[in-house]
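Data file: protein.txt. Format and content: compact mmCIF, C-alpha atoms and all ligand atoms.
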```txt
# COMPACT_ATOMS: atom_id res chain seq x y z
CA MET W 212 -2.16 -18.98 13.24
CA ASP W 213 -3.09 -15.67 11.69
CA ASP W 214 -1.20 -16.54 8.53
CA GLU W 215 -3.49 -19.49 7.93
CA ARG W 216 -6.52 -17.25 7.81
CA ARG W 217 -7.80 -16.82 4.28
CA VAL W 218 -7.20 -13.08 4.20
CA VAL W 219 -5.45 -10.85 1.69
CA ALA W 220 -4.37 -7.21 1.74
CA LEU W 221 -4.68 -5.30 -1.53
CA THR W 222 -2.35 -2.30 -1.61
CA PHE W 223 -2.18 0.65 -4.02
CA ASP W 224 0.98 2.76 -4.26
CA ASP W 225 1.94 6.27 -5.39
CA GLY W 226 -1.49 7.89 -5.05
CA PRO W 227 -3.69 9.59 -4.91
CA SER W 228 -4.03 9.52 -8.69
CA ALA W 229 -6.54 10.53 -11.31
CA ASN W 230 -8.00 7.02 -10.98
CA THR W 231 -8.38 6.98 -7.20
CA ARG W 232 -12.03 7.96 -7.11
CA ARG W 233 -12.98 5.34 -9.72
CA LEU W 234 -11.11 2.74 -7.69
CA LEU W 235 -12.85 3.81 -4.48
CA GLU W 236 -16.24 3.36 -6.13
CA MET W 237 -15.32 -0.18 -7.24
CA LEU W 238 -14.07 -1.12 -3.79
CA ALA W 239 -17.10 0.38 -2.05
CA ALA W 240 -19.48 -1.48 -4.38
CA ARG W 241 -17.89 -4.75 -3.24
CA GLY W 242 -17.42 -3.85 0.43
CA VAL W 243 -13.65 -4.19 0.08
CA ARG W 244 -11.15 -2.19 2.09
CA ALA W 245 -7.57 -1.77 0.92
CA THR W 246 -4.38 0.04 1.91
CA PHE W 247 -3.04 3.09 0.10
CA PHE W 248 0.70 3.82 0.28
CA LEU W 249 0.49 7.51 -0.48
CA GLN W 250 3.08 9.77 -2.05
CA GLY W 251 3.26 12.99 -0.01
CA GLU W 252 3.46 15.43 -2.90
CA HIS W 253 0.36 13.82 -4.42
CA VAL W 254 -1.42 14.04 -1.07
CA ALA W 255 -0.65 17.75 -0.89
CA ALA W 256 -1.91 18.21 -4.46
CA ASP W 257 -5.24 16.44 -3.85
CA PRO W 258 -6.05 16.20 -0.15
CA ASP W 259 -9.74 15.72 -0.95
CA ALA W 260 -8.93 12.40 -2.62
CA VAL W 261 -7.06 11.31 0.49
CA ARG W 262 -10.01 12.28 2.66
CA ALA W 263 -12.21 10.18 0.36
CA ILE W 264 -9.88 7.20 0.80
CA HIS W 265 -10.03 7.64 4.56
CA ALA W 266 -13.82 8.04 4.52
CA GLY W 267 -14.06 4.75 2.63
CA GLY W 268 -12.52 2.93 5.57
CA HIS W 269 -9.23 2.19 3.84
CA ALA W 270 -5.85 2.35 5.54
CA LEU W 271 -3.52 5.27 4.81
CA ALA W 272 0.19 4.51 4.66
CA ASN W 273 3.45 6.30 3.92
CA HIS W 274 5.32 5.99 0.59
CA THR W 275 7.68 9.01 0.93
CA TRP W 276 7.18 12.57 -0.22
CA SER W 277 8.73 12.40 -3.71
CA HIS W 278 9.41 8.70 -4.45
CA PRO W 279 13.22 8.81 -4.47
CA HIS W 280 15.73 5.97 -4.40
CA LEU W 281 16.18 6.18 -0.62
CA PRO W 282 19.47 4.24 -0.30
CA GLU W 283 21.10 6.90 -2.48
CA LEU W 284 20.13 9.72 -0.10
CA PRO W 285 21.91 10.99 2.99
CA ARG W 286 20.13 10.09 6.24
CA ALA W 287 18.76 13.58 6.81
CA GLU W 288 16.99 13.49 3.45
CA VAL W 289 15.58 10.03 4.16
CA ASP W 290 14.19 11.36 7.44
CA ASP W 291 12.70 14.31 5.59
CA GLU W 292 11.05 12.12 2.93
CA VAL W 293 9.39 9.97 5.59
CA ALA W 294 8.33 12.84 7.83
CA ARG W 295 6.99 15.14 5.09
CA ALA W 296 4.75 12.43 3.66
CA ALA W 297 3.42 11.50 7.09
CA ASP W 298 2.78 15.17 7.83
CA ALA W 299 0.86 15.60 4.57
CA VAL W 300 -1.42 12.64 5.40
CA ALA W 301 -1.93 13.94 8.94
CA GLN W 302 -2.76 17.43 7.69
CA ALA W 303 -5.30 16.09 5.20
CA THR W 304 -7.00 13.55 7.45
CA GLY W 305 -5.65 13.61 11.00
CA VAL W 306 -4.43 10.04 10.47
CA VAL W 307 -1.02 9.10 11.88
CA THR W 308 0.50 6.55 9.49
CA ALA W 309 1.93 3.40 11.09
CA VAL W 310 3.31 1.60 8.06
CA PHE W 311 5.74 2.65 5.36
CA ARG W 312 6.76 1.21 2.01
CA PRO W 313 9.99 2.38 0.34
CA PRO W 314 9.85 3.33 -3.33
CA PHE W 315 10.96 0.42 -5.55
CA GLY W 316 11.15 -1.71 -2.38
CA GLU W 317 14.68 -0.36 -1.89
CA LEU W 318 15.85 -0.75 1.69
CA ASP W 319 19.11 -0.60 3.56
CA ASP W 320 19.91 -0.42 7.26
CA GLU W 321 19.86 3.37 7.24
CA VAL W 322 16.41 3.48 5.65
CA VAL W 323 15.03 0.98 8.16
CA ALA W 324 16.55 3.01 10.98
CA ALA W 325 15.00 6.22 9.67
CA VAL W 326 11.57 4.61 9.36
CA ALA W 327 11.92 3.11 12.85
CA ALA W 328 12.88 6.49 14.27
CA HIS W 329 9.70 7.87 12.76
CA GLY W 330 7.69 5.15 14.53
CA GLU W 331 6.61 3.19 11.45
CA ALA W 332 6.97 -0.43 10.32
CA VAL W 333 8.18 -1.33 6.81
CA VAL W 334 5.76 -3.28 4.63
CA LEU W 335 6.86 -4.68 1.27
CA TRP W 336 4.76 -7.27 -0.60
CA ASP W 337 4.77 -10.91 -1.67
CA VAL W 338 2.62 -10.61 -4.81
CA ASP W 339 3.75 -8.28 -7.62
CA PRO W 340 1.76 -8.52 -10.85
CA ALA W 341 4.14 -5.99 -12.50
CA ASP W 342 1.07 -3.87 -13.20
CA TRP W 343 3.32 -0.81 -13.57
CA GLU W 344 4.74 -2.10 -16.87
CA ALA W 345 3.94 -0.06 -19.95
CA GLY W 346 1.10 -1.73 -21.81
CA ALA W 347 0.07 -3.86 -18.83
CA LEU W 348 -3.23 -5.56 -19.57
CA ALA W 349 -6.03 -5.77 -17.03
CA GLU W 350 -6.66 -9.44 -17.69
CA ARG W 351 -3.00 -10.34 -17.18
CA THR W 352 -2.75 -8.25 -14.00
CA ALA W 353 -5.81 -10.01 -12.60
CA GLN W 354 -4.47 -13.46 -13.54
CA ARG W 355 -1.10 -12.77 -11.90
CA VAL W 356 -2.68 -11.49 -8.69
CA VAL W 357 -5.18 -14.31 -8.35
CA ALA W 358 -2.52 -16.94 -9.11
CA GLY W 359 -0.08 -15.43 -6.63
CA VAL W 360 -2.25 -14.85 -3.57
CA ARG W 361 -1.81 -17.12 -0.55
CA PRO W 362 -3.37 -16.69 2.91
CA GLY W 363 -1.85 -13.53 4.40
CA SER W 364 -0.57 -12.12 1.10
CA VAL W 365 0.15 -8.46 0.49
CA VAL W 366 -0.50 -7.49 -3.14
CA LEU W 367 1.40 -4.59 -4.76
CA MET W 368 -0.57 -2.51 -7.27
CA HIS W 369 -0.65 1.05 -8.61
CA ASP W 370 -3.89 2.91 -9.19
CA TRP W 371 -2.32 5.40 -11.61
CA GLN W 372 -2.25 2.50 -14.08
CA ASP W 373 -5.66 2.43 -15.80
CA SER W 374 -5.46 -1.29 -16.47
CA THR W 375 -4.92 -2.00 -12.77
CA VAL W 376 -8.14 -0.28 -11.81
CA ASP W 377 -9.86 -2.07 -14.69
CA ALA W 378 -8.61 -5.35 -13.19
CA VAL W 379 -9.90 -4.76 -9.66
CA PRO W 380 -13.43 -6.17 -10.10
CA ALA W 381 -12.08 -9.43 -11.54
CA ILE W 382 -9.44 -9.67 -8.81
CA VAL W 383 -11.92 -9.08 -6.01
CA ASP W 384 -14.56 -11.39 -7.44
CA ALA W 385 -12.11 -14.25 -8.03
CA LEU W 386 -10.50 -14.02 -4.61
CA ALA W 387 -13.87 -13.70 -2.87
CA ALA W 388 -15.08 -16.77 -4.73
CA ASP W 389 -11.97 -18.54 -3.47
CA GLY W 390 -12.99 -17.73 0.10
CA TYR W 391 -10.71 -14.76 0.75
CA ALA W 392 -11.64 -11.86 3.00
CA PHE W 393 -10.05 -8.47 2.34
CA VAL W 394 -8.21 -6.73 5.16
CA THR W 395 -6.05 -3.65 5.47
CA VAL W 396 -2.34 -4.01 6.15
CA PRO W 397 -2.70 -2.80 9.76
CA GLU W 398 -5.47 -5.36 10.25
CA LEU W 399 -3.34 -8.10 8.68
CA LEU W 400 -0.36 -7.38 10.89
CA GLY W 401 -2.22 -6.41 14.05
CA GLU W 402 -0.05 -6.02 17.12
CA ARG W 403 3.00 -7.26 15.23
CA VAL W 404 3.38 -3.78 13.73
CA ALA W 405 6.33 -2.23 15.51
CA PRO W 406 8.69 0.57 14.48
CA GLY W 407 11.46 -0.74 12.24
CA ARG W 408 10.01 -4.19 11.75
CA VAL W 409 10.04 -5.33 8.11
CA PHE W 410 7.20 -7.36 6.59
CA SER W 411 6.67 -8.75 3.11
CA HIS W 412 3.37 -10.39 4.00
CA GLY W 413 1.65 -11.44 7.22
CA ARG W 414 4.94 -12.40 8.87
CA PRO W 415 7.98 -10.22 9.74
CA ILE W 416 11.18 -10.81 7.77
CA GLY W 417 13.43 -8.48 9.78
ZN ZN W 501 5.89 3.59 -5.59
```

In structure tokens, how does this file's structure come out?
Amino acid sequence: MDDERRVVALTFDDGPSANTRRLLEMLAARGVRATFFLQGEHVAADPDAVRAIHAGGHALANHTWSHPHLPELPRAEVDDEVARAADAVAQATGVVTAVFRPPFGELDDEVVAAVAAHGEAVVLWDVDPADWEAGALAERTAQRVVAGVRPGSVVLMHDWQDSTVDAVPAIVDALAADGYAFVTVPELLGERVAPGRVFSHGRPIG
């Protein structure tokens, strides 16, 4: 069973950010690859950062163009949000994204249908350290992640939050000491990735 493997997927949303390069250096120093759910307008603003993520061997994933509340939008705008972000990643790197995460984790049938029509799977998370909170502390973020990870976990983080990037060495070192290997989301899911499928961790939920 894949889910019994001691693997974990670290994911970073909303980038690239001003902290992305610092994060990439930390990950590279530890030989860790992660998954970046990129926001299209940020990709367009800093395509070099996205190329650096790609060059580091990390997975590039879709997190909409402008981070809207998708269930509040008409279908055509949902389609546009998904497609524009994917196009921005493709223009910057040539990579065709295969996985998508909705802003705020907000899904409805129409959103899933739009993502499926675009050929991507939906990937949520099972570990949320609430690192986005104002005043989040690196030590607390690290404790929450390490305490929450199970084999096959997908961890939600945000690299625009300074304290999250500060927490990464402790997170990686603790999980590695606990026997975990770090994989990208596409590696975690493997052939189970299919358009419109919904995952929260290594197993589909819809
Ligand atoms: Zn987000």

task = Return as a PyMOL selection string the residues of protein, DNA or RNA that approach ligand ZN 501 (chain W) to within 10 Å, with only C-alpha atoms and all ligand atoms taken into account.
result = chain W and resi 223-226+248-250+274-275+277-279+312-316+343+367-369

Writing out the chosen residues with C-alpha atoms as a PDB file, in the frame of the given file:
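Saved as again25.pdb:
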```pdb
ATOM      1  CA  PHE W 223      -2.180   0.650  -4.020  1.00  0.00           C
ATOM      2  CA  ASP W 224       0.980   2.760  -4.260  1.00  0.00           C
ATOM      3  CA  ASP W 225       1.940   6.270  -5.390  1.00  0.00           C
ATOM      4  CA  GLY W 226      -1.490   7.890  -5.050  1.00  0.00           C
ATOM      5  CA  PHE W 248       0.700   3.820   0.280  1.00  0.00           C
ATOM      6  CA  LEU W 249       0.490   7.510  -0.480  1.00  0.00           C
ATOM      7  CA  GLN W 250       3.080   9.770  -2.050  1.00  0.00           C
ATOM      8  CA  HIS W 274       5.320   5.990   0.590  1.00  0.00           C
ATOM      9  CA  THR W 275       7.680   9.010   0.930  1.00  0.00           C
ATOM     10  CA  SER W 277       8.730  12.400  -3.710  1.00  0.00           C
ATOM     11  CA  HIS W 278       9.410   8.700  -4.450  1.00  0.00           C
ATOM     12  CA  PRO W 279      13.220   8.810  -4.470  1.00  0.00           C
ATOM     13  CA  ARG W 312       6.760   1.210   2.010  1.00  0.00           C
ATOM     14  CA  PRO W 313       9.990   2.380   0.340  1.00  0.00           C
ATOM     15  CA  PRO W 314       9.850   3.330  -3.330  1.00  0.00           C
ATOM     16  CA  PHE W 315      10.960   0.420  -5.550  1.00  0.00           C
ATOM     17  CA  GLY W 316      11.150  -1.710  -2.380  1.00  0.00           C
ATOM     18  CA  TRP W 343       3.320  -0.810 -13.570  1.00  0.00           C
ATOM     19  CA  LEU W 367       1.400  -4.590  -4.760  1.00  0.00           C
ATOM     20  CA  MET W 368      -0.570  -2.510  -7.270  1.00  0.00           C
ATOM     21  CA  HIS W 369      -0.650   1.050  -8.610  1.00  0.00           C
TER      22      HIS W 369
END
```

key: Who sits within 7 Å of Trp371 (chain W), all atoms listed in the file, same chain under 3 positions skipped, as an NGL selection string   = :W and (228-230)

key: Of the listed residues W:Val409, W:Val383, W:Val243, W:Val326, that which approaches Ala353 (chain W) most closely, counting all atoms listed in the file   =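 Of the candidates, the smallest distance to Ala353 (chain W) is held by W:Val383.
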
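Minimum atom-to-atom distance to Ala240 (chain W), evaluated using all atoms listed in the file, belongs to W:Pro380 out of W:Pro340, W:Gly268, W:Pro380, W:Pro362.
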
Nearest residue to Thr231 (chain W) from the set W:Ala294, W:Ala245, W:Ala260, W:Ala387 (distances using all atoms listed in the file) = W:Ala260

key: Nearest to Gly330 (chain W) by atom-to-atom distance, counting all atoms listed in the file, from W:Leu281, W:Ala405, W:Ala266, W:Ala392   = W:Ala405

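With distances restricted to all atoms listed in the file, W:Ala341 is the closest residue to Val366 (chain W) from W:Ile264, W:Val300, W:Ala341, W:Leu235.
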
key: W:Thr352, W:Ala270, W:Leu221, W:Ala309 ranked by distance to Ala327 (chain W), top pick (using only C-alpha atoms)   =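 Comparing W:Thr352, W:Ala270, W:Leu221, W:Ala309 against Ala327 (chain W), the winner is W:Ala309.
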
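Near (3.4, -13.9, -4.1), the residues that fall inside 9 Å on the basis of only C-alpha atoms are W:Trp336, W:Asp337, W:Val338, W:Asp339, W:Pro340, W:Val356, W:Ala358, W:Gly359, W:Val360, W:Arg361, W:Ser364, W:Val365, W:Val366, W:His412.
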
Would you export the selected residues with C-alpha atoms as an mmCIF file, keeping the file's coordinate frame, please?
```cif
data_model
loop_
_atom_site.group_PDB
_atom_site.id
_atom_site.type_symbol
_atom_site.label_atom_id
_atom_site.label_comp_id
_atom_site.auth_asym_id
_atom_site.auth_seq_id
_atom_site.Cartn_x
_atom_site.Cartn_y
_atom_site.Cartn_z
ATOM 1 C CA TRP W 336 4.760 -7.270 -0.600
ATOM 2 C CA ASP W 337 4.770 -10.910 -1.670
ATOM 3 C CA VAL W 338 2.620 -10.610 -4.810
ATOM 4 C CA ASP W 339 3.750 -8.280 -7.620
ATOM 5 C CA PRO W 340 1.760 -8.520 -10.850
ATOM 6 C CA VAL W 356 -2.680 -11.490 -8.690
ATOM 7 C CA ALA W 358 -2.520 -16.940 -9.110
ATOM 8 C CA GLY W 359 -0.080 -15.430 -6.630
ATOM 9 C CA VAL W 360 -2.250 -14.850 -3.570
ATOM 10 C CA ARG W 361 -1.810 -17.120 -0.550
ATOM 11 C CA SER W 364 -0.570 -12.120 1.100
ATOM 12 C CA VAL W 365 0.150 -8.460 0.490
ATOM 13 C CA VAL W 366 -0.500 -7.490 -3.140
ATOM 14 C CA HIS W 412 3.370 -10.390 4.000
#
```

task = To one decimal in Å, tell me the separation between CA of Leu271 (chain W) and CA of Phe247 (chain W).
result = 5.2 Å

inquiry  = As an exercise, work out the distance from CA of Val307 (chain W) to CA of Pro397 (chain W) in Å and give it to one decimal place.
reply    = 12.2 Å

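A straight line drawn from CA of Glu402 (chain W) to CA of Asp298 (chain W) is 23.3 Å long.
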
request  = Counting all atoms listed in the file, select every polymer residue within 12 Å of (-2.9, 11.1, 9.8) as defined in the file's coordinates, and provide the selection as an NGL selection string.
outcome  = :W and (249 or 251 or 254 or 258 or 261-262 or 265 or 270-273 or 294-310)

Distance query Val379 (chain W) at most 9 Å, all atoms listed in the file, self and fewer than 6 positions along chain excluded, as an mmCIF file with C-alpha atoms, keeping the file's coordinate frame:
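Result saved to result_14.cif:
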```cif
data_model
loop_
_atom_site.group_PDB
_atom_site.id
_atom_site.type_symbol
_atom_site.label_atom_id
_atom_site.label_comp_id
_atom_site.auth_asym_id
_atom_site.auth_seq_id
_atom_site.Cartn_x
_atom_site.Cartn_y
_atom_site.Cartn_z
ATOM 1 C CA LEU W 234 -11.110 2.740 -7.690
ATOM 2 C CA MET W 237 -15.320 -0.180 -7.240
ATOM 3 C CA LEU W 238 -14.070 -1.120 -3.790
ATOM 4 C CA ALA W 349 -6.030 -5.770 -17.030
ATOM 5 C CA ALA W 353 -5.810 -10.010 -12.600
#
```

Please supply region 318-348 of chain W, rebuilt with N, CA and C atoms, as a PDB file, keeping the file's coordinate frame.
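Once everything was written out, this is result.pdb:
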```pdb
ATOM      1  N   LEU W 318      15.584  -0.902   0.263  1.00  0.00           N
ATOM      2  CA  LEU W 318      15.850  -0.750   1.690  1.00  0.00           C
ATOM      3  C   LEU W 318      17.328  -0.949   1.965  1.00  0.00           C
ATOM      4  N   ASP W 319      17.842  -0.230   2.939  1.00  0.00           N
ATOM      5  CA  ASP W 319      19.110  -0.600   3.560  1.00  0.00           C
ATOM      6  C   ASP W 319      18.983  -0.308   5.056  1.00  0.00           C
ATOM      7  N   ASP W 320      20.016  -0.572   5.808  1.00  0.00           N
ATOM      8  CA  ASP W 320      19.910  -0.420   7.260  1.00  0.00           C
ATOM      9  C   ASP W 320      19.556   1.011   7.655  1.00  0.00           C
ATOM     10  N   GLU W 321      20.109   1.977   6.910  1.00  0.00           N
ATOM     11  CA  GLU W 321      19.860   3.370   7.240  1.00  0.00           C
ATOM     12  C   GLU W 321      18.390   3.738   7.006  1.00  0.00           C
ATOM     13  N   VAL W 322      17.822   3.212   5.926  1.00  0.00           N
ATOM     14  CA  VAL W 322      16.410   3.480   5.650  1.00  0.00           C
ATOM     15  C   VAL W 322      15.534   2.868   6.737  1.00  0.00           C
ATOM     16  N   VAL W 323      15.817   1.625   7.097  1.00  0.00           N
ATOM     17  CA  VAL W 323      15.030   0.980   8.160  1.00  0.00           C
ATOM     18  C   VAL W 323      15.152   1.766   9.462  1.00  0.00           C
ATOM     19  N   ALA W 324      16.348   2.245   9.751  1.00  0.00           N
ATOM     20  CA  ALA W 324      16.550   3.010  10.980  1.00  0.00           C
ATOM     21  C   ALA W 324      15.763   4.322  10.954  1.00  0.00           C
ATOM     22  N   ALA W 325      15.736   4.960   9.785  1.00  0.00           N
ATOM     23  CA  ALA W 325      15.000   6.220   9.670  1.00  0.00           C
ATOM     24  C   ALA W 325      13.502   5.987   9.859  1.00  0.00           C
ATOM     25  N   VAL W 326      12.990   4.926   9.248  1.00  0.00           N
ATOM     26  CA  VAL W 326      11.570   4.610   9.360  1.00  0.00           C
ATOM     27  C   VAL W 326      11.236   4.239  10.815  1.00  0.00           C
ATOM     28  N   ALA W 327      12.123   3.479  11.442  1.00  0.00           N
ATOM     29  CA  ALA W 327      11.920   3.110  12.850  1.00  0.00           C
ATOM     30  C   ALA W 327      11.892   4.345  13.732  1.00  0.00           C
ATOM     31  N   ALA W 328      12.815   5.268  13.457  1.00  0.00           N
ATOM     32  CA  ALA W 328      12.880   6.490  14.270  1.00  0.00           C
ATOM     33  C   ALA W 328      11.609   7.306  14.132  1.00  0.00           C
ATOM     34  N   HIS W 329      10.954   7.156  12.989  1.00  0.00           N
ATOM     35  CA  HIS W 329       9.700   7.870  12.760  1.00  0.00           C
ATOM     36  C   HIS W 329       8.503   7.091  13.312  1.00  0.00           C
ATOM     37  N   GLY W 330       8.755   5.902  13.866  1.00  0.00           N
ATOM     38  CA  GLY W 330       7.690   5.150  14.530  1.00  0.00           C
ATOM     39  C   GLY W 330       6.858   4.284  13.599  1.00  0.00           C
ATOM     40  N   GLU W 331       7.387   3.978  12.405  1.00  0.00           N
ATOM     41  CA  GLU W 331       6.610   3.190  11.450  1.00  0.00           C
ATOM     42  C   GLU W 331       7.285   1.848  11.171  1.00  0.00           C
ATOM     43  N   ALA W 332       6.469   0.864  10.783  1.00  0.00           N
ATOM     44  CA  ALA W 332       6.970  -0.430  10.320  1.00  0.00           C
ATOM     45  C   ALA W 332       7.101  -0.390   8.799  1.00  0.00           C
ATOM     46  N   VAL W 333       7.965  -1.233   8.259  1.00  0.00           N
ATOM     47  CA  VAL W 333       8.180  -1.330   6.810  1.00  0.00           C
ATOM     48  C   VAL W 333       7.350  -2.494   6.275  1.00  0.00           C
ATOM     49  N   VAL W 334       6.574  -2.222   5.226  1.00  0.00           N
ATOM     50  CA  VAL W 334       5.760  -3.280   4.630  1.00  0.00           C
ATOM     51  C   VAL W 334       6.034  -3.346   3.136  1.00  0.00           C
ATOM     52  N   LEU W 335       6.589  -4.452   2.695  1.00  0.00           N
ATOM     53  CA  LEU W 335       6.860  -4.680   1.270  1.00  0.00           C
ATOM     54  C   LEU W 335       5.667  -5.422   0.678  1.00  0.00           C
ATOM     55  N   TRP W 336       5.864  -6.525   0.017  1.00  0.00           N
ATOM     56  CA  TRP W 336       4.760  -7.270  -0.600  1.00  0.00           C
ATOM     57  C   TRP W 336       5.278  -8.668  -0.925  1.00  0.00           C
ATOM     58  N   ASP W 337       4.367  -9.597  -1.175  1.00  0.00           N
ATOM     59  CA  ASP W 337       4.770 -10.910  -1.670  1.00  0.00           C
ATOM     60  C   ASP W 337       4.146 -11.239  -3.022  1.00  0.00           C
ATOM     61  N   VAL W 338       3.210 -10.404  -3.473  1.00  0.00           N
ATOM     62  CA  VAL W 338       2.620 -10.610  -4.810  1.00  0.00           C
ATOM     63  C   VAL W 338       2.784  -9.322  -5.610  1.00  0.00           C
ATOM     64  N   ASP W 339       3.500  -9.436  -6.736  1.00  0.00           N
ATOM     65  CA  ASP W 339       3.750  -8.280  -7.620  1.00  0.00           C
ATOM     66  C   ASP W 339       3.340  -8.672  -9.035  1.00  0.00           C
ATOM     67  N   PRO W 340       2.196  -8.169  -9.499  1.00  0.00           N
ATOM     68  CA  PRO W 340       1.760  -8.520 -10.850  1.00  0.00           C
ATOM     69  C   PRO W 340       2.467  -7.707 -11.937  1.00  0.00           C
ATOM     70  N   ALA W 341       3.443  -6.865 -11.554  1.00  0.00           N
ATOM     71  CA  ALA W 341       4.140  -5.990 -12.500  1.00  0.00           C
ATOM     72  C   ALA W 341       3.129  -5.145 -13.289  1.00  0.00           C
ATOM     73  N   ASP W 342       2.137  -4.652 -12.561  1.00  0.00           N
ATOM     74  CA  ASP W 342       1.070  -3.870 -13.200  1.00  0.00           C
ATOM     75  C   ASP W 342       1.566  -2.511 -13.676  1.00  0.00           C
ATOM     76  N   TRP W 343       2.760  -2.116 -13.200  1.00  0.00           N
ATOM     77  CA  TRP W 343       3.320  -0.810 -13.570  1.00  0.00           C
ATOM     78  C   TRP W 343       3.934  -0.838 -14.973  1.00  0.00           C
ATOM     79  N   GLU W 344       4.101  -2.020 -15.555  1.00  0.00           N
ATOM     80  CA  GLU W 344       4.740  -2.100 -16.870  1.00  0.00           C
ATOM     81  C   GLU W 344       3.923  -1.355 -17.917  1.00  0.00           C
ATOM     82  N   ALA W 345       4.632  -0.706 -18.838  1.00  0.00           N
ATOM     83  CA  ALA W 345       3.940  -0.060 -19.950  1.00  0.00           C
ATOM     84  C   ALA W 345       3.151  -1.111 -20.719  1.00  0.00           C
ATOM     85  N   GLY W 346       1.912  -0.798 -21.045  1.00  0.00           N
ATOM     86  CA  GLY W 346       1.100  -1.730 -21.810  1.00  0.00           C
ATOM     87  C   GLY W 346       0.537  -2.883 -21.006  1.00  0.00           C
ATOM     88  N   ALA W 347       0.632  -2.795 -19.663  1.00  0.00           N
ATOM     89  CA  ALA W 347       0.070  -3.860 -18.830  1.00  0.00           C
ATOM     90  C   ALA W 347      -1.417  -4.020 -19.151  1.00  0.00           C
ATOM     91  N   LEU W 348      -1.847  -5.265 -19.231  1.00  0.00           N
ATOM     92  CA  LEU W 348      -3.230  -5.560 -19.570  1.00  0.00           C
ATOM     93  C   LEU W 348      -3.998  -5.967 -18.322  1.00  0.00           C
TER      94      LEU W 348
END
```
